[in-house]
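Asker: Please find model_10.cif (mmCIF, C-alpha atoms) on the next line:
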```
data_model
loop_
_atom_site.label_atom_id
_atom_site.label_comp_id
_atom_site.auth_asym_id
_atom_site.auth_seq_id
_atom_site.Cartn_x
_atom_site.Cartn_y
_atom_site.Cartn_z
CA MET A 802 28.36 -90.95 -13.50
CA ASN A 803 27.93 -94.57 -14.56
CA GLU A 804 24.65 -94.84 -16.47
CA GLN A 805 23.87 -98.25 -15.01
CA LEU A 806 24.31 -96.82 -11.52
CA GLN A 807 21.99 -93.91 -12.30
CA GLN A 808 19.31 -96.34 -13.46
CA THR A 809 19.20 -97.78 -9.93
CA PHE A 810 18.27 -94.37 -8.47
CA LYS A 811 14.66 -93.60 -7.66
CA SER A 812 15.06 -90.19 -9.32
CA GLY A 813 17.50 -87.31 -9.46
CA ASP A 814 14.96 -85.15 -7.63
CA THR A 815 14.71 -87.33 -4.54
CA GLU A 816 18.29 -88.50 -4.09
CA GLU A 817 20.32 -86.85 -1.33
CA TRP A 818 23.81 -85.68 -2.30
CA LEU A 819 25.50 -87.90 0.28
CA ASP A 820 23.63 -90.90 -1.09
CA VAL A 821 24.62 -89.99 -4.64
CA VAL A 822 28.34 -89.70 -3.90
CA TRP A 823 28.64 -92.33 -1.17
CA THR A 824 25.76 -94.66 -0.31
CA ARG A 825 24.40 -95.42 -3.79
CA PRO A 826 27.76 -96.22 -5.46
CA ILE A 827 28.69 -98.63 -2.65
CA GLY A 828 25.15 -100.04 -2.50
CA TYR A 829 25.31 -100.60 -6.25
CA GLN A 830 28.41 -102.76 -5.92
CA TRP A 831 26.67 -104.83 -3.24
CA ALA A 832 23.59 -105.08 -5.47
CA ARG A 833 25.74 -106.39 -8.35
CA LEU A 834 27.25 -109.00 -6.02
CA PHE A 835 23.84 -110.07 -4.72
CA ASN A 836 22.53 -110.25 -8.28
CA TYR A 837 25.43 -112.50 -9.27
CA PHE A 838 24.51 -114.94 -6.49
CA ASN A 839 20.77 -114.56 -7.19
CA VAL A 840 20.01 -113.16 -3.72
CA HIS A 841 16.49 -111.75 -3.41
CA PRO A 842 16.17 -108.05 -2.41
CA ASN A 843 13.98 -108.98 0.57
CA THR A 844 16.80 -111.14 1.94
CA VAL A 845 19.17 -108.18 1.72
CA THR A 846 16.65 -106.05 3.64
CA VAL A 847 16.46 -108.61 6.45
CA TRP A 848 20.27 -108.71 6.63
CA SER A 849 20.31 -104.93 6.92
CA MET A 850 17.99 -105.19 9.92
CA VAL A 851 20.23 -107.73 11.62
CA ILE A 852 23.36 -105.62 11.05
CA GLY A 853 21.58 -102.46 12.27
CA VAL A 854 20.56 -104.23 15.50
CA ALA A 855 24.16 -105.43 15.94
CA ALA A 856 25.30 -101.80 15.64
CA ALA A 857 22.96 -100.85 18.50
CA TYR A 858 24.59 -103.50 20.69
CA PHE A 859 28.04 -101.92 20.31
CA PHE A 860 26.70 -98.39 20.85
CA THR A 861 25.07 -99.61 24.07
CA PHE A 862 28.43 -100.47 25.63
CA GLY A 863 30.39 -97.61 24.10
CA SER A 864 30.39 -95.28 27.10
CA TYR A 865 33.95 -94.25 27.95
CA ARG A 866 32.97 -94.05 31.60
CA MET A 867 32.16 -97.77 31.64
CA ALA A 868 34.49 -99.22 29.02
CA GLY A 869 37.33 -96.71 29.15
CA THR A 870 39.36 -96.51 25.95
CA GLU A 871 37.58 -99.64 24.71
CA GLY A 872 34.45 -97.50 24.46
CA LEU A 873 35.94 -95.73 21.44
CA ILE A 874 36.44 -99.09 19.73
CA TYR A 875 32.83 -100.07 20.49
CA ASN A 876 31.60 -96.76 19.04
CA ILE A 877 33.69 -97.12 15.88
CA ILE A 878 32.40 -100.66 15.36
CA GLY A 879 28.86 -99.34 15.86
CA VAL A 880 29.40 -96.62 13.27
CA LEU A 881 30.81 -99.10 10.74
CA LEU A 882 27.98 -101.58 11.30
CA LEU A 883 25.26 -98.95 10.97
CA ALA A 884 26.89 -97.65 7.77
CA TRP A 885 27.03 -101.23 6.51
CA ALA A 886 23.33 -101.70 7.31
CA ASN A 887 22.58 -98.53 5.35
CA PHE A 888 24.56 -99.80 2.35
CA TYR A 889 22.40 -102.92 2.38
CA ASP A 890 19.27 -100.81 2.77
CA SER A 891 20.33 -98.97 -0.38
CA ALA A 892 21.35 -102.16 -2.17
CA ASP A 893 17.99 -103.89 -1.70
CA GLY A 894 16.12 -101.18 -3.61
CA GLN A 895 18.84 -100.91 -6.25
CA LEU A 896 18.79 -104.68 -6.65
CA ALA A 897 15.00 -104.67 -7.00
CA ARG A 898 15.18 -102.02 -9.73
CA MET A 899 18.02 -103.87 -11.49
CA THR A 900 16.23 -107.21 -11.54
CA GLY A 901 12.57 -106.18 -11.53
CA LYS A 902 12.03 -108.20 -8.33
CA LYS A 903 9.72 -105.63 -6.74
CA THR A 904 7.16 -106.94 -4.26
CA GLN A 905 4.73 -105.36 -1.84
CA LEU A 906 6.41 -107.23 1.00
CA GLY A 907 9.71 -105.75 -0.13
CA ARG A 908 8.24 -102.25 0.03
CA ILE A 909 6.97 -102.91 3.57
CA LEU A 910 10.23 -104.48 4.74
CA ASP A 911 12.30 -101.65 3.27
CA GLY A 912 10.20 -99.08 5.10
CA ALA A 913 10.44 -101.05 8.33
CA ALA A 914 14.22 -101.51 8.25
CA GLY A 915 15.07 -98.04 9.53
CA ASP A 916 12.41 -98.29 12.25
CA VAL A 917 13.92 -101.59 13.42
CA TRP A 918 17.41 -100.08 13.59
CA PHE A 919 16.34 -96.99 15.47
CA SER A 920 14.08 -98.80 17.93
CA PHE A 921 17.22 -100.57 19.17
CA LEU A 922 19.43 -97.48 18.78
CA TYR A 923 17.11 -95.43 20.98
CA HIS A 924 17.31 -98.08 23.66
CA SER A 925 21.10 -98.10 23.36
CA LEU A 926 21.02 -94.39 24.24
CA PHE A 927 18.94 -95.16 27.31
CA PHE A 928 21.27 -97.88 28.55
CA ARG A 929 24.26 -95.61 28.06
CA PHE A 930 22.53 -92.96 30.15
CA TYR A 931 21.49 -95.59 32.71
CA GLN A 932 25.10 -96.69 33.18
CA TYR A 933 26.19 -93.37 34.63
CA HIS A 934 24.80 -90.11 36.01
CA ASP A 935 27.66 -88.60 37.96
CA ALA A 936 28.82 -86.08 35.39
CA GLU A 937 25.32 -84.90 34.47
CA PHE A 938 24.30 -84.51 38.12
CA GLU A 939 27.47 -82.61 38.91
CA TRP A 940 26.98 -80.33 35.89
CA LEU A 941 23.36 -79.60 36.89
CA GLY A 942 24.19 -79.25 40.58
CA ILE A 943 21.94 -82.20 41.56
CA GLU A 944 22.75 -84.54 44.42
CA ASN A 945 23.69 -88.00 43.16
CA ASN A 946 21.51 -90.35 45.20
CA GLU A 947 19.25 -93.34 44.51
CA GLN A 948 16.03 -91.32 44.33
CA ASN A 949 17.41 -88.75 41.90
CA THR A 950 18.94 -91.52 39.79
CA LEU A 951 15.55 -93.26 39.51
CA ILE A 952 13.81 -90.01 38.58
CA ALA A 953 16.46 -89.21 35.97
CA ASP A 954 16.17 -92.70 34.45
CA CYS A 955 12.37 -92.44 34.22
CA ILE A 956 12.53 -88.97 32.64
CA PHE A 957 15.13 -90.04 30.11
CA TYR A 958 13.25 -93.21 29.18
CA ALA A 959 10.06 -91.20 28.75
CA ALA A 960 11.99 -88.81 26.49
CA ILE A 961 13.23 -91.81 24.50
CA TRP A 962 9.67 -92.99 23.90
CA ILE A 963 8.36 -89.54 23.07
CA SER A 964 11.25 -88.89 20.72
CA GLY A 965 11.17 -92.30 19.04
CA VAL A 966 7.46 -93.01 18.78
CA GLY A 967 5.98 -89.53 18.86
CA PHE A 968 8.55 -87.66 16.75
CA HIS A 969 10.92 -89.94 14.85
CA ALA A 970 8.22 -92.23 13.46
CA ARG A 971 6.03 -89.34 12.33
CA GLN A 972 8.91 -87.40 10.80
CA CYS A 973 10.33 -90.33 8.83
CA GLY A 974 6.89 -91.55 7.79
CA LEU A 975 5.88 -88.14 6.45
CA SER A 976 9.25 -87.63 4.73
CA ASP A 977 8.91 -90.97 2.94
CA TYR A 978 5.33 -90.08 1.96
CA TYR A 979 6.35 -86.74 0.46
CA ARG A 980 9.05 -88.41 -1.60
CA GLN A 981 6.56 -90.96 -2.93
CA ILE A 982 4.10 -88.16 -3.73
CA HIS A 983 6.84 -86.35 -5.63
CA LEU A 984 7.69 -89.50 -7.58
CA PHE A 985 3.99 -90.01 -8.31
CA PHE A 986 3.74 -86.66 -10.11
CA LEU A 987 7.19 -87.05 -11.65
CA LYS A 988 6.96 -90.62 -12.94
CA GLY A 989 3.36 -91.70 -12.46
CA LYS A 990 2.04 -94.59 -10.42
CA ALA A 991 4.51 -97.08 -11.89
CA GLY A 992 7.46 -94.94 -10.80
CA SER A 993 6.38 -94.43 -7.20
CA GLU A 994 5.28 -96.45 -4.19
CA LEU A 995 2.43 -94.16 -3.21
CA ASP A 996 0.07 -96.48 -1.36
CA SER A 997 -3.23 -95.80 0.38
CA SER A 998 -4.62 -97.40 3.52
CA ILE A 999 -7.81 -98.35 1.65
CA GLN A 1000 -5.82 -100.26 -0.97
CA GLN A 1001 -3.83 -102.00 1.74
CA LYS A 1002 -7.00 -103.00 3.60
CA LEU A 1003 -8.41 -104.55 0.42
CA LEU A 1004 -5.13 -106.36 -0.18
CA TYR A 1005 -5.18 -107.61 3.41
CA LYS A 1006 -8.74 -108.96 3.05
CA GLU A 1007 -7.98 -110.60 -0.30
CA THR A 1008 -4.81 -112.31 0.93
CA PRO A 1009 -5.47 -115.75 2.50
CA TRP A 1010 -3.90 -116.57 5.84
CA LYS A 1011 -2.67 -119.94 4.60
CA GLY A 1012 0.93 -119.57 3.55
CA ASN A 1013 0.89 -115.80 4.14
CA ILE A 1014 0.92 -115.39 7.93
CA ILE A 1015 4.05 -113.20 8.08
CA TYR A 1016 2.95 -111.17 5.05
CA LYS A 1017 -0.50 -110.57 6.59
CA LEU A 1018 1.04 -109.40 9.86
CA PHE A 1019 3.31 -106.99 8.00
CA LEU A 1020 0.31 -105.74 6.04
CA LEU A 1021 -1.47 -104.93 9.31
CA THR A 1022 1.38 -102.69 10.41
CA TYR A 1023 1.60 -101.16 6.94
CA ILE A 1024 -2.10 -100.27 7.00
CA ASN A 1025 -1.51 -98.28 10.18
CA TYR A 1026 1.61 -96.74 8.66
CA THR A 1027 -0.19 -95.48 5.56
CA ARG A 1028 -3.18 -94.33 7.62
CA GLY A 1029 -0.82 -92.24 9.76
CA GLN A 1030 0.65 -90.64 6.64
CA GLU A 1031 -2.80 -89.78 5.34
CA LYS A 1032 -3.90 -88.25 8.64
CA GLN A 1033 -0.94 -85.87 8.52
CA THR A 1034 -1.77 -84.71 4.97
CA PRO A 1035 -5.47 -83.70 4.80
CA GLN A 1036 -4.93 -81.03 2.13
CA PHE A 1037 -3.06 -83.43 -0.13
CA GLN A 1038 -5.76 -86.08 0.36
CA ARG A 1039 -8.36 -83.55 -0.76
CA LEU A 1040 -6.26 -82.60 -3.80
CA LYS A 1041 -5.68 -86.24 -4.68
CA GLN A 1042 -9.40 -86.99 -4.54
CA ALA A 1043 -10.21 -83.92 -6.67
CA LEU A 1044 -7.70 -85.04 -9.31
CA LYS A 1045 -9.22 -88.50 -9.35
CA GLU A 1046 -12.74 -87.12 -9.80
CA LYS A 1047 -11.70 -84.68 -12.55
CA TYR A 1048 -9.24 -86.78 -14.56
CA GLY A 1049 -9.94 -90.36 -13.55
CA ALA A 1050 -6.83 -92.40 -14.31
CA THR A 1051 -3.46 -91.11 -13.12
CA GLU A 1052 -2.05 -90.88 -16.64
CA ASN A 1053 -4.79 -88.39 -17.56
CA ILE A 1054 -3.48 -85.70 -15.21
CA PRO A 1055 -2.15 -82.91 -17.49
CA GLN A 1056 1.61 -82.61 -17.77
CA ALA A 1057 1.38 -78.90 -16.97
CA PHE A 1058 -0.18 -79.73 -13.59
CA ARG A 1059 2.47 -82.38 -12.92
CA ASP A 1060 5.22 -79.89 -13.70
CA LYS A 1061 3.69 -77.28 -11.42
CA PHE A 1062 3.37 -79.74 -8.54
CA ARG A 1063 6.96 -80.88 -9.08
CA SER A 1064 8.27 -77.31 -8.93
CA LEU A 1065 6.51 -76.74 -5.61
CA SER A 1066 7.40 -80.13 -4.18
CA LEU A 1067 11.07 -80.19 -5.18
CA PRO A 1068 12.28 -77.80 -2.40
CA MET A 1069 10.67 -80.16 0.14
CA MET A 1070 12.91 -83.04 -0.87
CA LYS A 1071 15.98 -81.65 0.89
CA TRP A 1072 14.03 -81.44 4.17
CA ALA A 1073 12.60 -84.92 3.66
CA ASN A 1074 16.11 -86.29 3.15
CA ILE A 1075 17.42 -84.57 6.28
CA LEU A 1076 14.64 -86.14 8.33
CA THR A 1077 15.24 -89.71 7.16
CA PHE A 1078 18.67 -91.31 7.70
CA ASN A 1079 21.95 -89.57 6.90
CA THR A 1080 21.62 -86.46 9.07
CA ARG A 1081 20.06 -88.50 11.88
CA ALA A 1082 22.85 -91.06 11.74
CA ILE A 1083 25.56 -88.39 11.81
CA THR A 1084 23.86 -86.77 14.81
CA PHE A 1085 23.69 -90.16 16.50
CA TYR A 1086 27.37 -90.84 15.78
CA VAL A 1087 28.40 -87.49 17.26
CA SER A 1088 26.27 -88.04 20.37
CA CYS A 1089 27.85 -91.42 21.00
CA LEU A 1090 31.41 -90.38 20.19
CA LEU A 1091 31.07 -87.42 22.58
CA ASP A 1092 29.47 -89.78 25.09
CA LEU A 1093 26.47 -87.46 25.45
CA PRO A 1094 23.45 -89.71 24.80
CA TRP A 1095 20.97 -86.93 25.56
CA LEU A 1096 22.39 -84.74 22.77
CA TYR A 1097 20.63 -86.73 20.05
CA LEU A 1098 17.28 -86.31 21.80
CA VAL A 1099 17.79 -82.55 22.09
CA VAL A 1100 18.41 -82.31 18.33
CA GLU A 1101 15.46 -84.61 17.64
CA LEU A 1102 13.04 -82.61 19.77
CA THR A 1103 14.19 -79.20 18.52
CA LEU A 1104 15.84 -78.98 15.09
CA PHE A 1105 14.28 -82.07 13.49
CA THR A 1106 10.87 -81.22 14.89
CA TRP A 1107 11.05 -77.67 13.58
CA LEU A 1108 12.04 -78.93 10.10
CA TYR A 1109 9.19 -81.44 10.20
CA LEU A 1110 6.62 -78.78 11.11
CA TYR A 1111 7.94 -76.38 8.47
CA MET A 1112 7.91 -79.08 5.78
CA ARG A 1113 4.39 -80.19 6.67
CA PHE A 1114 3.01 -76.65 6.81
CA THR A 1115 4.58 -75.69 3.46
CA HIS A 1116 3.46 -78.85 1.68
CA GLU A 1117 -0.10 -78.61 2.97
CA ARG A 1118 -0.26 -74.93 2.05
CA PHE A 1119 0.65 -75.40 -1.59
CA CYS A 1120 -1.64 -78.46 -1.86
CA LYS A 1121 -4.50 -76.31 -0.61
CA ARG A 1122 -3.65 -73.62 -3.16
CA LEU A 1123 -3.51 -76.14 -6.00
CA TYR A 1124 -6.85 -77.59 -4.93
CA GLN A 1125 -8.44 -74.15 -5.00
CA GLN A 1126 -6.99 -73.46 -8.46
CA LEU A 1127 -8.16 -76.85 -9.70
#
```
Written as structure tokens, that's how I'd like the structure from this file.
Answerer:
Amino acid sequence: MNEQLQQTFKSGDTEEWLDVVWTRPIGYQWARLFNYFNVHPNTVTVWSMVIGVAAAYFFTFGSYRMAGTEGLIYNIIGVLLLAWANFYDSADGQLARMTGKKTQLGRILDGAAGDVWFSFLYHSLFFRFYQYHDAEFEWLGIENNEQNTLIADCIFYAAIWISGVGFHARQCGLSDYYRQIHLFFLKGKAGSELDSSIQQKLLYKETPWKGNIIYKLFLLTYINYTRGQEKQTPQFQRLKQALKEKYGATENIPQAFRDKFRSLSLPMMKWANILTFNTRAITFYVSCLLDLPWLYLVVELTLFTWLYLYMRFTHERFCKRLYQQL
């Protein structure tokens, strides 16, 4: 593999195979183009958000029952746009590592990009469901009338919120956190983006409002984001504090301990990758192409949730064991 391309990876441990063979090589070419025109990585991230929202628009009107054969075209355009948004989401980080243009705002924007896409994608599923009920009612043996339609819409919208806010956000947030933890022990603080809510609060207080209004607002959301990650990982927080008290600076943590943590954390990376984008996107594509908007929610609430619980339980268990050994 091209050595220059490999240098734009976060690490071999945390890269998903589909990203390695598909997303990263294409993202790298975009990053080279953006670098040639001196485009800032944060600008690329914002463009990825816009393209991802545009994809949701086409998925919204992709139902075959409303658009007929044109629905397939809408779905294909949606797939291509969401893939394009993901290439840009890869390119912004690769560009930042190529040029050294890494900023805290860039870290926050990059983490928010996927949430922006999926907030609109979830609503596209709802509007597709809202546009028709006949087939589902017939399949379930339910009378198709105004009252039942209203009840079905309310139930589905509630499921959208529960799935998106209660499950998706927690799963992706924790997966990102575990990858940053892994990078922290693999490469040290400089090689990871492992942030704490306390650090972000201090940064928020130290940053003046004048000239930084947007940045301050993003910091507020990021404080809540990091606090949510920490609440889900009490055993790791205890281990992290114990390491700080025993060794002080990060670079003083013995290499043997780092290697041991890496060996235990490495199997978690495949689950973390499944719970972030590629597998979710493929599931979303299939749901829309089959014109079964509820299918994605079923997978979200069952398979993805089970993987999330297993990953969290396993990670917390070995962190507790390491703390006791420490």
Asker: So, counting all atoms listed in the file, which residue among A:Lys990, A:Lys1006, A:Arg1113, A:Lys903 is closest to Asn843 (chain A)?
Answerer: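 Using all atoms listed in the file, Asn843 (chain A) sits closest to A:Lys903.
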Asker: What is the CA of Ala886 (chain A)-CA of Gly853 (chain A) distance in Å, reported with one decimal?
Answerer: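 Computing the Euclidean distance for CA of Ala886 (chain A) and CA of Gly853 (chain A) yields 5.3 Å.
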Asker: Can you list what the PyMOL selection byres ((chain A and resi 1073) around 8) grabs from this structure, as a ChimeraX atom specification?
Answerer: /A:973,975-977,979-980,1069-1072,1074-1077,1112
Asker: Could you write out that same residue set with C-alpha atoms as a PDB file, keeping the file's coordinate frame?
Answerer:
```pdb
ATOM      1  CA  CYS A 973      10.330 -90.330   8.830  1.00  0.00           C
ATOM      2  CA  LEU A 975       5.880 -88.140   6.450  1.00  0.00           C
ATOM      3  CA  SER A 976       9.250 -87.630   4.730  1.00  0.00           C
ATOM      4  CA  ASP A 977       8.910 -90.970   2.940  1.00  0.00           C
ATOM      5  CA  TYR A 979       6.350 -86.740   0.460  1.00  0.00           C
ATOM      6  CA  ARG A 980       9.050 -88.410  -1.600  1.00  0.00           C
ATOM      7  CA  MET A1069      10.670 -80.160   0.140  1.00  0.00           C
ATOM      8  CA  MET A1070      12.910 -83.040  -0.870  1.00  0.00           C
ATOM      9  CA  LYS A1071      15.980 -81.650   0.890  1.00  0.00           C
ATOM     10  CA  TRP A1072      14.030 -81.440   4.170  1.00  0.00           C
ATOM     11  CA  ASN A1074      16.110 -86.290   3.150  1.00  0.00           C
ATOM     12  CA  ILE A1075      17.420 -84.570   6.280  1.00  0.00           C
ATOM     13  CA  LEU A1076      14.640 -86.140   8.330  1.00  0.00           C
ATOM     14  CA  THR A1077      15.240 -89.710   7.160  1.00  0.00           C
ATOM     15  CA  MET A1112       7.910 -79.080   5.780  1.00  0.00           C
TER      16      MET A1112
END
```
Asker: To one decimal place, how far is CA of Ala897 (chain A) from CA of Pro842 (chain A) in Å?
Answerer: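 Separation between CA of Ala897 (chain A) and CA of Pro842 (chain A): 5.8 Å.
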Asker: Just the number, please: distance in Å from CA of Phe928 (chain A) to CA of Thr861 (chain A), one decimal.
Answerer: 6.1 Å
Asker: Taking the file as shown, find all residues satisfying the PyMOL selection byres ((chain A and resi 823-829) around 12) and write them as a PyMOL selection string.
Answerer: chain A and resi 802-811+816-822+830-836+845+849+884-899+1078-1079
Asker: Tell me which of A:Leu1044, A:Val854, A:Leu1020, A:Ala960 sits closest to Cys1120 (chain A), counting all atoms listed in the file.
Answerer: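 The answer is A:Leu1044, which sits nearest to Cys1120 (chain A).
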Asker: Selected by the PyMOL selection byres ((chain A and resi 856) around 9) in the shown coordinates: which residues, as a PyMOL selection string?
Answerer: chain A and resi 851-855+857-861+876+878-883+886+918+921-922
Asker: Within 7 Å of region 981-983 of chain A, counting only C-alpha atoms, which residues show up once you throw out same-chain ones fewer than 4 positions away? Write them as a ChimeraX atom specification, please.
Answerer: /A:977,987,993-995,1063,1066
